[in-house]
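Okay, so here's the structure we're looking at.
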Amino acid sequence: KKSRYHLEITIKESDKMHLYKFNAFAKHINDNVKKKIVKLNNKIFIAYRWAVSNKNLWESLNNLGCTPKKSLTLTFPKKEFFSNEKLIIPFIRGYFDGDGCISYHCNNKNICNASILLVGTKNVLENIAKTFNFKKYRIVKKGNAYQICFNVQDSFNFIKEIYNNASIYLDRKFNRANLFLNNNNAVRKSDLLDY
């Protein structure tokens, strides 16, 4: 909401600790994490949000490409945007935490492999695939956005790369990724039911 220079991060209830980490990182004086009721497809969900109205922060993020409804407008930053090229992978990990998921495909013996899916603009998704030098992927239009899927090997390589030496991540996705990483991408379906 440009008139109020409002920034809000909303996250599902089970991921609320991530917002507390962000609140500490932002050095916000108060507990800025609040419960929120969200209605989606005629269902009601409990979510948590971190919000602030700050013109300087809003304009800085907007000028860096973090615009309102960024999932539908974002373009992948040029390499010059990053102070160090090593920051590109953490950027992708953060993007994945917001607009990606680790799903899985199982064989007839209920042994499952990781399957990565990301949503966003075609530009961002193509550049993520190029960053990892992936050749086989599928991008399809879904509503107002695009979706990319990687094959089994590329999905496994993706989670290996984004979580290698990572210290900031969404715990839920990191824990699921570790199941695949610790079992060489061959996990029993029953082990995934808690995630």
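Labeling convention for the structure tokens: chains A, B, ... as they appear, residues from 1 per chain, ligands from 1 in order of appearance.
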Report as a Markdown table the residues of stretch 3-32 of chain A within 10 Å of stretch 40-48 of chain A, each with its shortest atom pair and distance in Å (one decimal), using only C-alpha atoms, ordered by chain and increasing residue number.
| residue | atom | partner | partner_atom | distance |
| --- | --- | --- | --- | --- |
| A:Ile9 | CA | A:Tyr48 | CA | 8.3 |
| A:Thr10 | CA | A:Tyr48 | CA | 5.7 |
| A:Ile11 | CA | A:Tyr48 | CA | 5.4 |
| A:Lys12 | CA | A:Ala47 | CA | 4.5 |
| A:Glu13 | CA | A:Ala47 | CA | 4.6 |
| A:Ser14 | CA | A:Ala47 | CA | 8.3 |
| A:Asp15 | CA | A:Tyr48 | CA | 8.3 |
| A:Lys16 | CA | A:Tyr48 | CA | 5.9 |
| A:Met17 | CA | A:Tyr48 | CA | 9.4 |
| A:His18 | CA | A:Tyr48 | CA | 9.9 |
| A:Leu19 | CA | A:Tyr48 | CA | 7.9 |
Contacts of stretch 129-140 of chain A within 7 Å, only C-alpha atoms, excl. fewer than 5 positions in-chain, as a list in words: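 Those residues are Tyr146, Gln147, Ile148, Cys149, Phe150, Asn151 and Asp154 of chain A.
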Residue subset to file, keeping N, CA, C and O atoms, as a PDB file, in the first residue's frame:
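Wrote it out as out-v7.pdb, contents follow:
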ATOM      1  N   TYR A 146       4.129 -18.161 -13.420  1.00  0.00           N
ATOM      2  CA  TYR A 146       4.708 -19.326 -14.077  1.00  0.00           C
ATOM      3  C   TYR A 146       5.203 -20.294 -13.009  1.00  0.00           C
ATOM      4  O   TYR A 146       5.421 -19.926 -11.855  1.00  0.00           O
ATOM      5  N   GLN A 147       5.384 -21.520 -13.423  1.00  0.00           N
ATOM      6  CA  GLN A 147       5.846 -22.567 -12.511  1.00  0.00           C
ATOM      7  C   GLN A 147       6.942 -23.359 -13.214  1.00  0.00           C
ATOM      8  O   GLN A 147       6.838 -23.650 -14.404  1.00  0.00           O
ATOM      9  N   ILE A 148       8.006 -23.685 -12.488  1.00  0.00           N
ATOM     10  CA  ILE A 148       9.090 -24.486 -13.057  1.00  0.00           C
ATOM     11  C   ILE A 148       9.230 -25.771 -12.251  1.00  0.00           C
ATOM     12  O   ILE A 148       9.080 -25.760 -11.025  1.00  0.00           O
ATOM     13  N   CYS A 149       9.471 -26.866 -12.945  1.00  0.00           N
ATOM     14  CA  CYS A 149       9.711 -28.162 -12.311  1.00  0.00           C
ATOM     15  C   CYS A 149      11.045 -28.693 -12.822  1.00  0.00           C
ATOM     16  O   CYS A 149      11.352 -28.577 -14.010  1.00  0.00           O
ATOM     17  N   PHE A 150      11.816 -29.298 -11.923  1.00  0.00           N
ATOM     18  CA  PHE A 150      13.087 -29.907 -12.290  1.00  0.00           C
ATOM     19  C   PHE A 150      12.967 -31.414 -12.245  1.00  0.00           C
ATOM     20  O   PHE A 150      12.153 -31.971 -11.503  1.00  0.00           O
ATOM     21  N   ASN A 151      13.819 -32.114 -13.000  1.00  0.00           N
ATOM     22  CA  ASN A 151      13.824 -33.567 -12.926  1.00  0.00           C
ATOM     23  C   ASN A 151      14.432 -34.015 -11.596  1.00  0.00           C
ATOM     24  O   ASN A 151      14.920 -33.203 -10.812  1.00  0.00           O
ATOM     25  N   ASP A 154      18.238 -33.079 -10.987  1.00  0.00           N
ATOM     26  CA  ASP A 154      18.411 -31.635 -10.817  1.00  0.00           C
ATOM     27  C   ASP A 154      17.767 -31.148  -9.520  1.00  0.00           C
ATOM     28  O   ASP A 154      18.293 -30.254  -8.862  1.00  0.00           O
TER      29      ASP A 154
END
Spatial neighbours of A:Ser115, 6 Å, only C-alpha atoms, chain gap at least 2 places, as a list in words: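 The residues satisfying every condition are Ile102, Ser103, Tyr104, Val152 and Ser155 of chain A.
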Once you have the residues from the selection above, write them out as a PDB file, in the first residue's frame, restricted to N, CA, C and O atoms.
ATOM      1  N   ILE A 102       9.396 -28.403  -1.816  1.00  0.00           N
ATOM      2  CA  ILE A 102      10.031 -29.704  -2.042  1.00  0.00           C
ATOM      3  C   ILE A 102       8.915 -30.731  -1.993  1.00  0.00           C
ATOM      4  O   ILE A 102       8.384 -31.036  -0.927  1.00  0.00           O
ATOM      5  N   SER A 103       8.563 -31.215  -3.144  1.00  0.00           N
ATOM      6  CA  SER A 103       7.576 -32.284  -3.231  1.00  0.00           C
ATOM      7  C   SER A 103       8.345 -33.588  -3.429  1.00  0.00           C
ATOM      8  O   SER A 103       9.551 -33.639  -3.194  1.00  0.00           O
ATOM      9  N   TYR A 104       7.673 -34.640  -3.852  1.00  0.00           N
ATOM     10  CA  TYR A 104       8.382 -35.893  -4.088  1.00  0.00           C
ATOM     11  C   TYR A 104       7.596 -36.791  -5.034  1.00  0.00           C
ATOM     12  O   TYR A 104       6.383 -36.658  -5.183  1.00  0.00           O
ATOM     13  N   VAL A 152      14.415 -35.316 -11.333  1.00  0.00           N
ATOM     14  CA  VAL A 152      14.837 -35.850 -10.032  1.00  0.00           C
ATOM     15  C   VAL A 152      16.283 -35.477  -9.707  1.00  0.00           C
ATOM     16  O   VAL A 152      16.577 -34.993  -8.611  1.00  0.00           O
ATOM     17  N   SER A 155      16.640 -31.737  -9.137  1.00  0.00           N
ATOM     18  CA  SER A 155      15.997 -31.370  -7.871  1.00  0.00           C
ATOM     19  C   SER A 155      16.923 -31.670  -6.698  1.00  0.00           C
ATOM     20  O   SER A 155      17.084 -30.858  -5.785  1.00  0.00           O
TER      21      SER A 155
END
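Residues in contact with stretch 176-178 of chain A at up to 10 Å, not including ones fewer than 6 positions away on its chain and judged by only C-alpha atoms, are Cys101, Ile102, Ser103, Ala114, Phe156, Phe158, Ile159, Lys160, Ile162, Tyr163, Asn184, Asn185, Asp191, Leu192, Asp194 and Tyr195 of chain A.
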Take the residues just selected and output them with C-alpha atoms as a PDB file, in the first residue's frame.
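The resulting selection_13.pdb:
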ATOM      1  CA  CYS A 101       8.353 -26.331  -2.428  1.00  0.00           C
ATOM      2  CA  ILE A 102      10.031 -29.704  -2.042  1.00  0.00           C
ATOM      3  CA  SER A 103       7.576 -32.284  -3.231  1.00  0.00           C
ATOM      4  CA  ALA A 114      12.833 -35.008  -4.160  1.00  0.00           C
ATOM      5  CA  PHE A 156      18.472 -33.226  -5.666  1.00  0.00           C
ATOM      6  CA  PHE A 158      19.316 -27.945  -6.270  1.00  0.00           C
ATOM      7  CA  ILE A 159      18.719 -28.767  -2.589  1.00  0.00           C
ATOM      8  CA  LYS A 160      22.355 -29.861  -2.147  1.00  0.00           C
ATOM      9  CA  ILE A 162      21.159 -24.149  -1.768  1.00  0.00           C
ATOM     10  CA  TYR A 163      21.603 -25.742   1.669  1.00  0.00           C
ATOM     11  CA  ASN A 184      20.959 -39.928  -0.986  1.00  0.00           C
ATOM     12  CA  ASN A 185      17.566 -38.881  -2.379  1.00  0.00           C
ATOM     13  CA  ASP A 191       9.184 -40.883   6.624  1.00  0.00           C
ATOM     14  CA  LEU A 192       7.784 -37.894   4.707  1.00  0.00           C
ATOM     15  CA  ASP A 194       5.349 -35.586   9.093  1.00  0.00           C
ATOM     16  CA  TYR A 195       6.538 -32.900   6.686  1.00  0.00           C
TER      17      TYR A 195
END
In stretch 1-97 of chain A, DSSP strand (DSSP E) residues written as a list in words: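 Matching residues, listed in order: His6, Leu7, Glu8, Ile9, Thr10, Ile11, Lys12, Val33, Lys34, Lys35, Lys36, Ile37, Val38, Lys39, Leu40, Lys43, Ile44, Phe45, Ile46, Ala47, Tyr48, Arg49, Trp50, Ala51, Val52 and Ser53 of chain A.
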Contacts of A:Asp97 within 8 Å, only C-alpha atoms, excl. fewer than 2 positions in-chain, as a list of chain:residue names: A:Arg93, A:Gly94, A:Tyr95, A:Asp99, A:Gly100, A:Cys101, A:Tyr169, A:Leu170, A:Lys173
For A:Lys21, the nearest of the candidates A:Asn56, A:Val33, A:Leu74, A:Gly143, counting only C-alpha atoms: A:Val33
Members of stretch 9-183 of chain A assigned alpha helix (DSSP H) by DSSP, as a VMD selection string: chain A and resid 16 to 25 55 to 63 88 to 99 122 to 131 152 to 163 171 to 182
